[in-house]
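K.L.:
entry_7.cif is the file, holding mmCIF, C-alpha atoms and all ligand atoms:
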```cif
data_target
#
loop_
_atom_site.group_PDB
_atom_site.id
_atom_site.type_symbol
_atom_site.label_atom_id
_atom_site.label_comp_id
_atom_site.auth_asym_id
_atom_site.auth_seq_id
_atom_site.Cartn_x
_atom_site.Cartn_y
_atom_site.Cartn_z
ATOM 1 C CA MET R 24 47.440 95.519 18.703
ATOM 2 C CA VAL R 25 46.126 94.608 22.092
ATOM 3 C CA GLY R 26 47.614 96.613 24.887
ATOM 4 C CA GLN R 27 47.182 99.744 26.872
ATOM 5 C CA MET R 28 44.951 101.374 24.283
ATOM 6 C CA THR R 29 42.390 98.621 24.534
ATOM 7 C CA GLU R 30 42.536 98.803 28.287
ATOM 8 C CA ARG R 31 41.841 102.537 28.146
ATOM 9 C CA LEU R 32 38.928 101.975 25.818
ATOM 10 C CA VAL R 33 37.421 99.306 28.042
ATOM 11 C CA LEU R 34 37.866 101.550 31.050
ATOM 12 C CA ALA R 35 36.336 104.525 29.278
ATOM 13 C CA ARG R 36 33.332 102.467 28.198
ATOM 14 C CA THR R 37 32.873 101.187 31.704
ATOM 15 C CA LEU R 38 32.969 104.751 32.998
ATOM 16 C CA GLY R 39 30.352 105.632 30.402
ATOM 17 C CA PHE R 40 28.028 102.991 31.789
ATOM 18 C CA VAL R 41 28.705 104.123 35.340
ATOM 19 C CA ALA R 42 27.919 107.704 34.340
ATOM 20 C CA ALA R 43 24.642 106.675 32.740
ATOM 21 C CA ASP R 44 23.719 104.716 35.837
ATOM 22 C CA LEU R 45 24.518 107.622 38.134
ATOM 23 C CA GLU R 46 22.517 109.965 35.933
ATOM 24 C CA GLN R 47 19.553 107.608 36.042
ATOM 25 C CA ARG R 48 19.738 107.523 39.823
ATOM 26 C CA GLY R 49 19.893 111.297 39.955
ATOM 27 C CA TYR R 50 23.459 111.634 41.221
ATOM 28 C CA HIS R 51 25.243 114.728 40.054
ATOM 29 C CA GLY R 52 28.582 112.930 39.857
ATOM 30 C CA HIS R 53 27.799 111.566 36.430
ATOM 31 C CA GLY R 54 29.235 114.614 34.699
ATOM 32 C CA VAL R 55 32.673 114.177 36.184
ATOM 33 C CA VAL R 56 32.688 110.443 35.488
ATOM 34 C CA ARG R 57 31.768 111.136 31.878
ATOM 35 C CA ALA R 58 34.505 113.753 31.678
ATOM 36 C CA ALA R 59 36.995 111.203 32.987
ATOM 37 C CA ALA R 60 35.942 108.787 30.265
ATOM 38 C CA ARG R 61 36.486 111.509 27.699
ATOM 39 C CA VAL R 62 39.964 112.264 29.029
ATOM 40 C CA LEU R 63 40.822 108.579 28.768
ATOM 41 C CA LEU R 64 39.875 108.679 25.109
ATOM 42 C CA ASP R 65 41.621 111.953 24.421
ATOM 43 C CA VAL R 66 44.159 110.253 22.188
ATOM 44 C CA PRO R 67 43.482 110.452 18.456
ATOM 45 C CA ASP R 68 44.201 106.771 17.821
ATOM 46 C CA ASP R 69 42.207 105.661 20.796
ATOM 47 C CA ARG R 70 38.733 106.982 20.097
ATOM 48 C CA ASP R 71 35.714 104.787 20.514
ATOM 49 C CA PRO R 72 34.596 103.737 17.021
ATOM 50 C CA ASP R 73 31.074 103.333 18.359
ATOM 51 C CA GLY R 74 31.174 106.675 20.080
ATOM 52 C CA CYS R 75 29.704 110.026 19.205
ATOM 53 C CA ALA R 76 29.932 110.761 15.493
ATOM 54 C CA GLY R 77 31.087 114.265 16.344
ATOM 55 C CA CYS R 78 33.625 114.035 19.151
ATOM 56 C CA ARG R 79 33.944 110.237 19.642
ATOM 57 C CA ALA R 80 32.852 110.464 23.244
ATOM 58 C CA VAL R 81 31.726 107.158 24.666
ATOM 59 C CA LEU R 82 28.054 106.545 24.085
ATOM 60 C CA VAL R 83 25.902 104.177 26.032
ATOM 61 C CA GLN R 84 23.719 102.529 23.448
ATOM 62 C CA PRO R 85 20.165 101.668 24.461
ATOM 63 C CA HIS R 86 19.329 97.973 24.526
ATOM 64 C CA THR R 87 16.358 98.555 22.290
ATOM 65 C CA GLY R 88 15.452 101.085 19.681
ATOM 66 C CA ARG R 89 17.640 103.364 17.635
ATOM 67 C CA ARG R 90 21.350 103.581 18.274
ATOM 68 C CA ARG R 91 22.556 106.909 19.524
ATOM 69 C CA ARG R 92 24.954 108.692 17.209
ATOM 70 C CA TRP R 93 25.630 111.851 19.194
ATOM 71 C CA CYS R 94 26.697 112.472 22.777
ATOM 72 C CA SER R 95 24.820 115.739 22.967
ATOM 73 C CA GLU R 96 22.611 118.173 21.157
ATOM 74 C CA ALA R 97 25.689 120.371 20.714
ATOM 75 C CA CYS R 98 27.544 117.758 18.670
ATOM 76 C CA ARG R 99 24.473 117.006 16.599
ATOM 77 C CA SER R 100 23.832 120.599 15.643
ATOM 78 C CA ARG R 101 27.525 121.289 15.035
ATOM 79 C CA ALA R 102 27.542 118.513 12.454
ATOM 80 C CA ARG R 103 24.349 119.783 10.844
ATOM 81 C CA ARG R 104 25.742 123.259 10.346
ATOM 82 C CA ARG R 105 28.641 121.927 8.272
HETATM 83 ZN ZN ZN R 201 29.968 114.402 20.842
#
```
Translate the structure of the given file into structure tokens.
P.N.:
Amino acid sequence: MVGQMTERLVLARTLGFVAADLEQRGYHGHGVVRAAARVLLDVPDDRDPDGCAGCRAVLVQPHTGRRRRWCSEACRSRARRR
């Protein structure tokens, strides 16, 4: 179904890119933008399938090299301990 859920996902992904850009430029606002993206996806049926393998947070995949699977070291180690 195409509707609000898709719109939220697109918006959350866009915010993810904005956050990455801000972080790269050294702005401290990236944390809050990333948090906003997470709130947008805080619906079980509306998680990003390409997102973090732990919490489904939006990930910004690099153009080259390995795909990221985790949003943070915390999610990675949490999964390892299981
Ligand atoms: Zn995560």
K.L.:
Take atom CA of R:Leu38 and atom CA of R:Ala97 and report the distance between them in Å, one decimal.
P.N.:
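It comes out at 21.2 Å.
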K.L.:
Write out as number ranges by chain each polymer residue (protein, DNA or RNA) that has an atom no more than 9 Å from ligand ZN 201 (chain R), with all atoms listed in the file counted.
P.N.:
R: 74-82, 92-99
K.L.:
For the file shown, report as a list of chain:residue names the outcome of the PyMOL selection byres (((chain R and resi 55) around 12) and not hetatm) at residue level.
P.N.:
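That selection, the PyMOL selection byres (((chain R and resi 55) around 12) and not hetatm), comes back as R:Leu38, R:Gly39, R:Val41, R:Ala42, R:Ala43, R:Leu45, R:Glu46, R:Tyr50, R:His51, R:Gly52, R:His53, R:Gly54, R:Val56, R:Arg57, R:Ala58, R:Ala59, R:Ala60, R:Arg61, R:Val62.
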K.L.:
In Å to one decimal, how far is atom CA of R:Leu63 from atom CA of R:Leu32?
P.N.:
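These atoms are spaced 7.5 Å apart.
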K.L.:
Which value, in Å to one decimal, gives the distance between atom CA of R:Arg48 and atom CA of R:Arg90?
P.N.:
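Atom CA of R:Arg48 sits 22.0 Å away from atom CA of R:Arg90.
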